[in-house]
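Source file: my_file19.cif; contents: mmCIF, C-alpha atoms.
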```cif
data_entry
#
loop_
_atom_site.label_atom_id
_atom_site.label_comp_id
_atom_site.auth_asym_id
_atom_site.auth_seq_id
_atom_site.Cartn_x
_atom_site.Cartn_y
_atom_site.Cartn_z
CA GLN A 10 31.79 -7.49 19.53
CA ASN A 11 34.29 -9.11 21.90
CA GLY A 12 31.73 -11.52 23.34
CA PHE A 13 30.96 -12.63 26.88
CA ASP A 14 32.62 -15.14 29.20
CA PHE A 15 30.54 -17.44 31.40
CA TYR A 16 32.09 -19.70 34.01
CA PHE A 17 30.52 -23.00 35.12
CA SER A 18 31.56 -25.45 37.78
CA ARG A 19 30.68 -28.47 35.62
CA LEU A 20 31.08 -29.21 31.91
CA ASP A 21 27.57 -30.61 31.43
CA LYS A 22 26.03 -27.34 32.62
CA ALA A 23 28.13 -25.37 30.13
CA GLN A 24 27.13 -27.71 27.30
CA SER A 25 23.42 -27.50 28.21
CA PHE A 26 23.66 -23.69 28.28
CA ALA A 27 25.33 -23.65 24.86
CA SER A 28 22.70 -25.99 23.39
CA PHE A 29 19.94 -23.79 24.84
CA ILE A 30 21.39 -20.68 23.13
CA ALA A 31 21.79 -22.61 19.87
CA LYS A 32 18.01 -23.12 19.79
CA ALA A 33 17.44 -19.34 19.70
CA VAL A 34 20.46 -18.08 17.73
CA PRO A 35 22.34 -19.65 14.78
CA MET A 36 25.82 -20.60 15.92
CA ARG A 37 28.59 -23.17 15.77
CA ILE A 38 29.93 -24.77 18.96
CA LYS A 39 33.57 -25.79 19.49
CA ILE A 40 34.98 -27.55 22.56
CA SER A 41 38.66 -27.38 23.48
CA SER A 42 40.57 -28.63 26.56
CA LYS A 43 43.74 -27.37 28.23
CA LEU A 44 45.86 -29.09 30.88
CA VAL A 45 46.32 -26.77 33.86
CA SER A 46 48.16 -29.00 36.34
CA THR A 47 48.84 -32.65 37.11
CA ASP A 48 49.50 -34.69 40.24
CA VAL A 49 51.64 -37.71 39.34
CA LYS A 50 51.49 -39.26 42.81
CA ASN A 51 47.70 -39.28 43.01
CA ASN A 52 47.27 -39.79 39.25
CA THR A 53 44.97 -36.77 38.90
CA ALA A 54 44.88 -33.81 36.54
CA ASN A 55 43.23 -30.39 36.46
CA ILE A 56 41.82 -29.76 32.97
CA LYS A 57 40.17 -26.53 31.83
CA THR A 58 37.53 -27.04 29.15
CA THR A 59 36.37 -24.13 26.96
CA VAL A 60 33.11 -24.17 25.01
CA VAL A 61 33.26 -21.55 22.24
CA CYS A 62 29.99 -20.43 20.62
CA ASP A 63 30.40 -18.43 17.39
CA MET A 64 27.16 -16.67 16.46
CA VAL A 65 26.32 -15.96 12.83
CA PRO A 66 26.87 -12.16 12.52
CA ILE A 67 23.58 -11.55 10.71
CA CYS A 68 20.67 -9.77 12.41
CA LYS A 69 17.02 -9.29 11.62
CA ASP A 70 16.18 -6.75 8.86
CA ASP A 71 19.73 -6.86 7.45
CA LEU A 72 20.13 -6.65 3.68
CA VAL A 73 22.42 -9.50 2.61
CA VAL A 74 24.15 -10.15 -0.71
CA CYS A 75 23.97 -13.89 -1.46
CA ASP A 76 26.82 -14.41 -3.88
CA LYS A 77 26.13 -16.66 -6.87
CA ARG A 78 29.54 -18.31 -6.37
CA SER A 79 28.33 -20.08 -3.25
CA LYS A 80 28.95 -23.76 -4.04
CA ASP A 81 26.74 -25.45 -1.46
CA GLY A 82 23.67 -23.33 -2.26
CA GLY A 83 22.99 -22.45 1.36
CA ALA A 84 20.55 -19.71 0.32
CA GLY A 85 18.73 -21.97 -2.15
CA THR A 86 17.05 -20.05 -4.98
CA LEU A 87 18.25 -16.74 -3.50
CA CYS A 88 21.86 -17.29 -4.56
CA GLY A 89 22.93 -14.42 -6.81
CA LYS A 90 20.31 -12.04 -5.39
CA LEU A 91 19.69 -9.55 -2.60
CA ALA A 92 17.95 -11.05 0.43
CA LEU A 93 16.25 -9.66 3.53
CA VAL A 94 16.55 -11.31 6.93
CA THR A 95 12.96 -11.72 8.16
CA LYS A 96 13.70 -13.82 11.23
CA VAL A 97 16.65 -15.20 13.21
CA SER A 98 16.21 -18.42 15.18
CA SER A 99 18.33 -21.57 15.06
CA VAL A 100 18.62 -20.75 11.33
CA VAL A 101 18.55 -17.48 9.37
CA HIS A 102 15.28 -16.97 7.48
CA LEU A 103 15.81 -15.11 4.20
CA MET A 104 13.34 -13.43 1.85
CA ASP A 105 13.96 -12.31 -1.72
CA ALA A 106 14.38 -8.52 -1.60
CA CYS A 107 13.62 -8.12 -5.32
CA PRO A 108 10.81 -10.59 -6.15
CA THR A 109 9.12 -10.82 -9.54
CA ARG A 110 5.40 -10.74 -10.27
CA GLY A 111 5.54 -14.19 -11.86
CA CYS A 112 6.18 -15.90 -8.54
CA ARG A 113 3.29 -18.29 -7.80
CA ARG A 114 3.96 -19.04 -4.13
CA ILE A 115 5.55 -16.96 -1.42
CA HIS A 116 7.59 -20.01 -0.35
CA ASP A 117 9.47 -19.88 -3.67
CA ILE A 118 11.19 -16.64 -2.61
CA GLN A 119 12.05 -17.81 0.90
CA ALA A 120 15.11 -19.72 2.09
CA GLU A 121 16.73 -20.90 5.32
CA LEU A 122 20.47 -20.50 5.87
CA VAL A 123 21.81 -23.00 8.41
CA PRO A 124 24.94 -22.10 10.44
CA GLU A 125 27.05 -24.93 9.00
CA LYS A 126 26.61 -23.73 5.41
CA TYR A 127 27.20 -20.12 6.43
CA TRP A 128 30.52 -20.82 8.15
CA ARG A 129 31.59 -23.04 5.24
CA ASN A 130 31.22 -20.14 2.76
CA GLU A 131 31.25 -17.10 5.00
CA LYS A 132 32.71 -14.76 2.37
CA TYR A 133 29.77 -15.35 0.02
CA TYR A 134 27.18 -13.93 2.44
CA ARG A 135 27.97 -10.25 2.92
CA ILE A 136 25.91 -7.68 4.82
CA ALA A 137 25.20 -4.77 2.48
CA LEU A 138 23.08 -2.56 4.75
CA THR A 139 21.99 -2.65 8.40
CA PRO A 140 18.73 -1.37 9.97
CA LYS A 141 20.47 1.87 10.97
CA ARG A 142 20.39 2.88 7.28
CA MET A 143 16.64 2.38 6.86
CA THR A 144 14.39 5.24 5.73
CA ARG A 145 10.75 5.95 6.56
CA PHE A 146 8.25 5.71 3.70
CA ILE A 147 4.53 6.44 3.37
CA VAL A 148 2.33 3.98 1.45
CA LEU A 149 0.29 5.68 -1.29
CA ASP A 150 -1.20 2.66 -3.08
CA VAL A 151 -1.28 -1.13 -2.66
CA GLU A 152 -2.30 -3.69 -5.30
CA LEU A 153 -1.87 -7.41 -4.72
CA CYS A 154 -0.13 -9.42 -7.42
CA LYS A 155 -2.42 -12.43 -6.88
CA SER A 156 -5.08 -13.20 -9.48
CA VAL A 157 -7.65 -13.75 -6.72
CA LYS A 158 -8.20 -10.65 -4.62
CA HIS A 159 -10.32 -10.07 -1.54
CA GLU A 160 -13.49 -8.09 -1.94
CA ASP A 161 -13.07 -6.45 1.46
CA ASP A 162 -9.64 -4.86 1.89
CA SER A 163 -9.78 -5.11 5.68
CA GLU A 164 -10.09 -8.90 5.54
CA ALA A 165 -7.02 -9.11 3.30
CA LEU A 166 -4.71 -7.71 5.97
CA TYR A 167 -2.76 -10.02 8.25
CA LYS A 168 -3.81 -9.52 11.88
CA GLY A 169 -2.20 -12.54 13.50
CA PRO A 170 -2.38 -16.32 13.08
CA GLN A 171 -6.09 -16.28 13.92
CA SER A 172 -6.92 -14.07 10.92
CA GLY A 173 -6.58 -16.99 8.48
CA VAL A 174 -4.45 -14.88 6.11
CA GLU A 175 -0.83 -15.57 5.23
CA LYS A 176 1.56 -13.03 6.67
CA TYR A 177 3.45 -12.35 3.42
CA SER A 178 2.05 -11.79 -0.06
CA LEU A 179 3.48 -10.12 -3.16
CA ALA A 180 2.07 -6.72 -4.04
CA ASP A 181 2.80 -3.65 -6.17
CA VAL A 182 3.20 -0.74 -3.77
CA GLU A 183 3.64 2.95 -4.47
CA VAL A 184 5.57 4.75 -1.73
CA ALA A 185 7.13 8.13 -1.08
CA ARG A 186 9.84 9.17 1.33
CA GLU A 187 8.39 10.72 4.46
CA ALA A 188 10.90 13.57 4.24
CA ASP A 189 9.76 14.33 0.67
CA PHE A 190 6.03 13.95 1.32
CA GLY A 191 4.38 17.28 0.55
CA VAL A 192 7.67 18.76 -0.69
CA ASN A 193 8.00 17.12 -4.11
CA ASP A 194 6.15 14.58 -6.24
CA GLU A 195 8.86 11.89 -6.22
CA THR A 196 7.37 8.41 -5.69
CA TYR A 197 8.65 4.87 -6.11
CA PHE A 198 6.93 1.68 -7.33
CA VAL A 199 8.08 -1.41 -5.45
CA ILE A 200 7.27 -5.12 -5.61
CA THR A 201 7.32 -6.22 -1.98
CA HIS A 202 6.40 -9.23 0.15
CA LEU A 203 4.40 -7.05 2.58
CA GLY A 204 1.17 -7.13 0.57
CA ASN A 205 -0.95 -8.55 3.41
CA LEU A 206 0.48 -6.11 5.95
CA LEU A 207 0.32 -2.72 4.22
CA ASN A 208 -2.61 -0.44 3.61
CA VAL A 209 -2.88 3.04 2.12
CA GLY A 210 -1.58 5.62 4.61
CA ASP A 211 0.63 3.21 6.56
CA TYR A 212 4.23 3.93 7.48
CA CYS A 213 7.00 1.46 6.70
CA LEU A 214 10.77 1.22 6.87
CA GLY A 215 12.94 0.36 3.91
CA TYR A 216 16.29 0.81 2.21
CA ASP A 217 16.64 3.71 -0.23
CA LEU A 218 19.31 2.35 -2.59
CA THR A 219 19.33 5.57 -4.62
CA ALA A 220 20.88 7.35 -1.63
CA SER A 221 22.77 4.55 0.14
CA MET A 222 24.55 2.63 -2.61
CA ASN A 223 27.87 1.01 -1.64
CA ASP A 224 30.46 -1.35 -3.13
CA GLU A 225 28.78 -4.48 -1.74
CA ILE A 226 25.54 -3.73 -3.60
CA SER A 227 27.03 -2.28 -6.79
CA ASP A 228 29.31 -5.31 -7.39
CA LEU A 229 27.45 -6.92 -10.30
CA SER A 230 29.74 -9.97 -10.35
CA SER A 231 27.91 -11.31 -7.28
CA TYR A 232 24.49 -11.40 -8.96
CA ASN A 233 22.88 -13.61 -11.57
CA LYS A 234 22.76 -12.52 -15.18
CA GLY A 235 20.02 -9.97 -15.85
CA PHE A 236 19.58 -8.99 -12.18
CA GLU A 237 18.43 -5.38 -11.73
CA ILE A 238 19.06 -3.48 -8.50
CA PRO A 239 15.83 -1.78 -7.34
CA ASP A 240 15.56 1.80 -6.10
CA VAL A 241 13.71 0.96 -2.87
CA ILE A 242 13.39 -2.21 -0.77
CA LEU A 243 10.64 -2.27 1.85
CA VAL A 244 11.51 -4.14 5.04
CA ARG A 245 8.68 -3.92 7.56
CA LYS A 246 5.62 -1.97 8.64
CA ILE A 247 5.79 0.31 11.68
CA GLN A 248 3.19 1.82 13.97
CA GLY A 249 2.57 5.53 14.56
CA SER A 250 3.58 8.69 12.76
CA THR A 251 6.48 11.08 12.87
CA THR A 252 7.66 12.69 16.08
CA SER A 253 8.02 16.47 16.17
CA ASN A 254 11.37 17.95 17.12
CA GLU A 255 11.60 19.86 20.36
CA VAL A 256 11.74 23.68 20.01
CA VAL A 257 14.22 25.58 22.16
CA ASP A 258 12.88 28.68 23.93
CA GLU A 259 15.33 31.41 22.95
CA SER A 260 14.16 33.82 25.66
CA ASN A 261 14.97 31.35 28.46
CA TYR A 262 18.34 30.64 26.86
CA LYS A 263 19.10 34.35 26.72
CA ASN A 264 18.10 34.91 30.37
CA THR A 265 20.26 32.04 31.61
CA THR A 266 23.20 33.33 29.56
CA ASP A 267 22.83 36.83 31.06
CA LEU A 268 22.73 35.39 34.58
CA GLU A 269 25.92 33.42 33.96
CA LEU A 270 27.66 36.56 32.67
CA ASN A 271 26.53 38.62 35.68
CA GLU A 272 27.75 35.96 38.10
CA GLY A 273 31.19 36.08 36.51
CA LYS A 274 31.58 39.79 37.30
CA GLY A 275 33.13 41.04 40.49
CA LYS A 276 35.02 37.85 41.42
CA LYS A 277 38.12 38.28 43.55
CA ALA A 278 41.51 36.71 42.93
CA LYS A 279 41.77 33.21 44.37
CA SER A 280 44.38 32.17 46.93
CA ARG A 281 46.74 29.19 46.61
CA LYS A 282 44.68 27.03 48.99
CA SER A 283 41.47 27.74 47.11
CA LYS A 284 43.20 26.87 43.82
CA ARG A 285 44.41 23.58 45.30
CA ARG A 286 40.91 22.77 46.55
CA GLU A 287 39.51 23.61 43.14
CA ARG A 288 42.04 21.36 41.36
CA ARG A 289 41.27 18.55 43.82
CA ARG A 290 37.57 19.03 43.23
CA GLU A 291 38.06 18.99 39.44
CA LYS A 292 40.00 15.71 39.68
CA GLU A 293 37.26 14.14 41.77
CA GLU A 294 34.62 15.34 39.33
CA ALA A 295 36.63 13.92 36.42
CA LYS A 296 36.84 10.55 38.21
CA ASP A 297 33.11 10.57 38.92
CA LYS A 298 32.35 11.50 35.32
CA ALA A 299 34.57 8.69 34.01
CA TYR A 300 32.83 6.26 36.39
CA VAL A 301 29.38 7.39 35.21
CA ASP A 302 30.44 7.15 31.54
CA THR A 303 31.69 3.60 32.12
CA ILE A 304 28.39 2.61 33.73
CA LYS A 305 26.43 4.13 30.84
CA ARG A 306 28.63 2.41 28.27
CA MET A 307 28.06 -0.95 29.98
CA GLY A 308 24.30 -0.30 30.03
CA LEU A 309 24.07 -0.38 33.86
CA ASP A 310 22.76 3.16 34.22
CA GLU A 311 19.12 3.41 35.29
CA ASN A 312 18.23 5.93 32.57
CA THR A 313 19.95 3.83 29.92
CA ARG A 314 18.12 0.71 31.11
CA ASN A 315 14.80 2.55 31.01
CA ASP A 316 15.48 3.86 27.49
CA ARG A 317 16.43 0.41 26.26
CA LYS A 318 13.39 -1.07 27.98
CA ASN A 319 11.10 1.46 26.28
CA ASP A 320 12.72 0.84 22.88
CA PHE A 321 12.35 -2.91 23.34
CA GLU A 322 8.68 -2.55 24.32
CA LYS A 323 8.04 -0.49 21.17
CA GLU A 324 9.80 -3.15 19.11
CA LEU A 325 7.57 -5.83 20.65
CA ILE A 326 4.49 -3.80 19.66
CA ASN A 327 5.71 -3.47 16.06
CA ASP A 328 6.84 -7.10 15.83
CA PRO A 329 4.31 -9.65 17.21
CA ASP A 330 6.55 -12.57 16.13
CA LEU A 331 9.32 -11.34 18.41
CA ALA A 332 6.84 -11.04 21.31
CA GLU A 333 5.72 -14.62 20.73
CA GLU A 334 9.34 -15.89 20.65
CA LEU A 335 10.08 -14.02 23.87
CA LYS A 336 7.08 -15.65 25.54
CA VAL A 337 8.29 -19.12 24.46
CA ALA A 338 11.80 -18.38 25.78
CA GLU A 339 10.38 -17.28 29.15
CA GLU A 340 8.42 -20.54 29.42
CA ILE A 341 11.56 -22.56 28.65
CA MET A 342 13.55 -20.66 31.30
CA GLU A 343 10.82 -21.30 33.87
CA CYS A 344 10.96 -25.03 33.09
CA LEU A 345 14.77 -25.02 33.52
CA ASP A 346 14.47 -23.21 36.87
CA LEU A 347 11.94 -25.78 38.08
CA GLU A 348 14.21 -28.67 37.03
CA GLU A 349 17.19 -27.10 38.80
CA GLN A 350 15.13 -26.52 41.95
CA GLU A 351 13.92 -30.12 41.95
CA GLY A 352 17.52 -31.31 41.53
CA ARG A 353 18.62 -29.28 44.57
CA GLU A 354 15.78 -30.69 46.66
CA CYS A 355 16.79 -34.24 45.69
CA GLU A 356 20.43 -33.51 46.71
CA CYS A 357 19.26 -32.17 50.09
CA ILE A 358 17.14 -35.30 50.70
CA ASP A 359 20.09 -37.59 49.82
CA LYS A 360 22.36 -35.71 52.25
CA ASN A 361 19.82 -35.97 55.06
CA GLU A 362 19.48 -39.72 54.50
CA ILE A 363 23.28 -40.09 54.67
CA ASN A 364 23.43 -38.14 57.93
CA ILE A 365 20.71 -40.32 59.46
#
```
Take the structure from the file and write it as structure tokens.
Amino acid sequence: QNGFDFYFSRLDKAQSFASFIAKAVPMRIKISSKLVSTDVKNNTANIKTTVVCDMVPICKDDLVVCDKRSKDGGAGTLCGKLALVTKVSSVVHLMDACPTRGCRRIHDIQAELVPEKYWRNEKYYRIALTPKRMTRFIVLDVELCKSVKHEDDSEALYKGPQSGVEKYSLADVEVAREADFGVNDETYFVITHLGNLLNVGDYCLGYDLTASMNDEISDLSSYNKGFEIPDVILVRKIQGSTTSNEVVDESNYKNTTDLELNEGKGKKAKSRKSKRRERRREKEEAKDKAYVDTIKRMGLDENTRNDRKNDFEKELINDPDLAEELKVAEEIMECLDLEEQEGRECECIDKNEINI
């Protein structure tokens, strides 16, 4: 939230780092200079230059309200509608969250929001819901909206760029909340862009607007005339099934409680020195606990790093596009390291020639 500070010895390195980040994340870059000190006799000055990078505060899978009052039309045909963020790169890729069956091409319900247009009309692009509010759904039926359908359902699914099938396609999908599956008969019919990704029995994440309605979504003045807010918006497909909750063994809990009670019996009164030692020990334990909490909060704890690593690996499995982008970024970083290493070698050679 408060950002990070990076310090560079030269301005060109800071600018190259900022331009590298701008290729992966939408942002605006501002450069400001401040005079630190001057030397009138030698006619020199010490100037501190600050490169500020403001990232667009929109993340993947966010549900965004594109206000119809946006003058520059940064969201294109999605102005006055609800939009899903399908990808974040140098621009924000948006998808119509409530498409209609009459749409001929999937590109007609897509738009790209560039950082300049976002910062120009920031108040007209509001985040309604974040991925933390998503609900798990089970797919009960899938029917493509296209007039031409595949004879074999397995060939219709998107399995990567080599499959020859477009990733997104409109479809009528019947879903049910995973929590309600087998409990009641409540189902929802949704028009979604995940037609080439979903199959009967799959699990997917989406926004249940019947249970998570807020002021940003219910404000009808932001939408076009005749816009209807859907009950459910599907966001993406996920792998695997539900995880069972751990069951606590009550007998073990009871035995440990009895042992603790028995240990408390028969204790003698403590002396002043023992009380001082105990207070000193409690203070040290409090300091150690605060130190450990600070490390965990900063994400430097080994267990926290492992948990985040496992979560990120699961996300890579569920999102092949993200894995591909990560691979491209690693290749770019390797190229930058090679260029920097070659530059250092050239500097060493020049110094040796000067010494000779």
Using only C-alpha atoms: which of A:Asp76, A:Asp240, A:Asp320, A:Glu121 has the shortest distance to Thr95 of chain A: A:Glu121
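With atom CA of Pro66 of chain A on one side and atom CA of Leu331 of chain A on the other, the separation reads 18.5 Å.
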Residues returned when the PyMOL selection byres ((chain A and resi 153) around 7) runs on this file, as a ChimeraX atom specification: /A:151-152,154-155,179-181,204
Nearest-residue call for Asp105 of chain A, choices A:Ala185, A:Ala137, A:Val192, A:Val244, using all atoms listed in the file: A:Val244
For His116 of chain A, the nearest of the candidates A:Tyr177, A:Phe190, A:Phe236, A:Phe321, counting all atoms listed in the file: A:Tyr177
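Distances to Ile136 of chain A were evaluated for A:Ser46, A:Gln119, A:Asn223, A:Gln350 using all atoms listed in the file, and the minimum falls at A:Asn223.
Proximity of A:Val94, A:Val45, A:Val123, A:Leu166 to Thr139 of chain A, computed with all atoms listed in the file, is greatest for A:Val94.
The residue that comes closest to Lys234 of chain A, out of A:Cys88, A:Ile326, A:Val61, A:Ile115 and on the basis of all atoms listed in the file, is A:Cys88.
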Distance query Arg186 of chain A at most 8 Å, all atoms listed in the file, self and fewer than 3 positions along chain excluded, as a ChimeraX atom specification: /A:144-147,189-190,196
All residues 9 Å or closer to Val74 of chain A, all atoms listed in the file, same chain fewer than 5 positions away omitted, as a compact mmCIF listing (two decimals) with C-alpha atoms, keeping the file's coordinate frame:
```txt
# COMPACT_ATOMS: atom_id res chain seq x y z
CA CYS A 88 21.86 -17.29 -4.56
CA GLY A 89 22.93 -14.42 -6.81
CA LYS A 90 20.31 -12.04 -5.39
CA LEU A 91 19.69 -9.55 -2.60
CA ALA A 92 17.95 -11.05 0.43
CA LEU A 93 16.25 -9.66 3.53
CA TYR A 133 29.77 -15.35 0.02
CA TYR A 134 27.18 -13.93 2.44
CA ARG A 135 27.97 -10.25 2.92
CA ILE A 136 25.91 -7.68 4.82
CA ALA A 137 25.20 -4.77 2.48
CA GLU A 225 28.78 -4.48 -1.74
CA ILE A 226 25.54 -3.73 -3.60
CA SER A 231 27.91 -11.31 -7.28
CA TYR A 232 24.49 -11.40 -8.96
```
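Rounded to one decimal, atom CA of Tyr167 of chain A and atom CA of Val101 of chain A lie 22.6 Å from each other.
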The PyMOL selection byres ((chain A and resi 241) around 12) applied to the shown file, residues as a ChimeraX atom specification: /A:72,106-107,143-146,182-186,196-201,213-222,237-240,242-244
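Atom CA of Pro329 of chain A to atom CA of Gly169 of chain A spans 8.0 Å [interatomic distance, one decimal].
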Adding 6 Å on each side of the box along x, y and z that holds all listed atoms of segment 117-124 of chain A, could you give its centre and edge lengths in Å to one decimal, as AutoDock Vina command-line options?
```
--center_x 17.2 --center_y -19.8 --center_z 3.4 --size_x 27.5 --size_y 18.4 --size_z 26.1
```
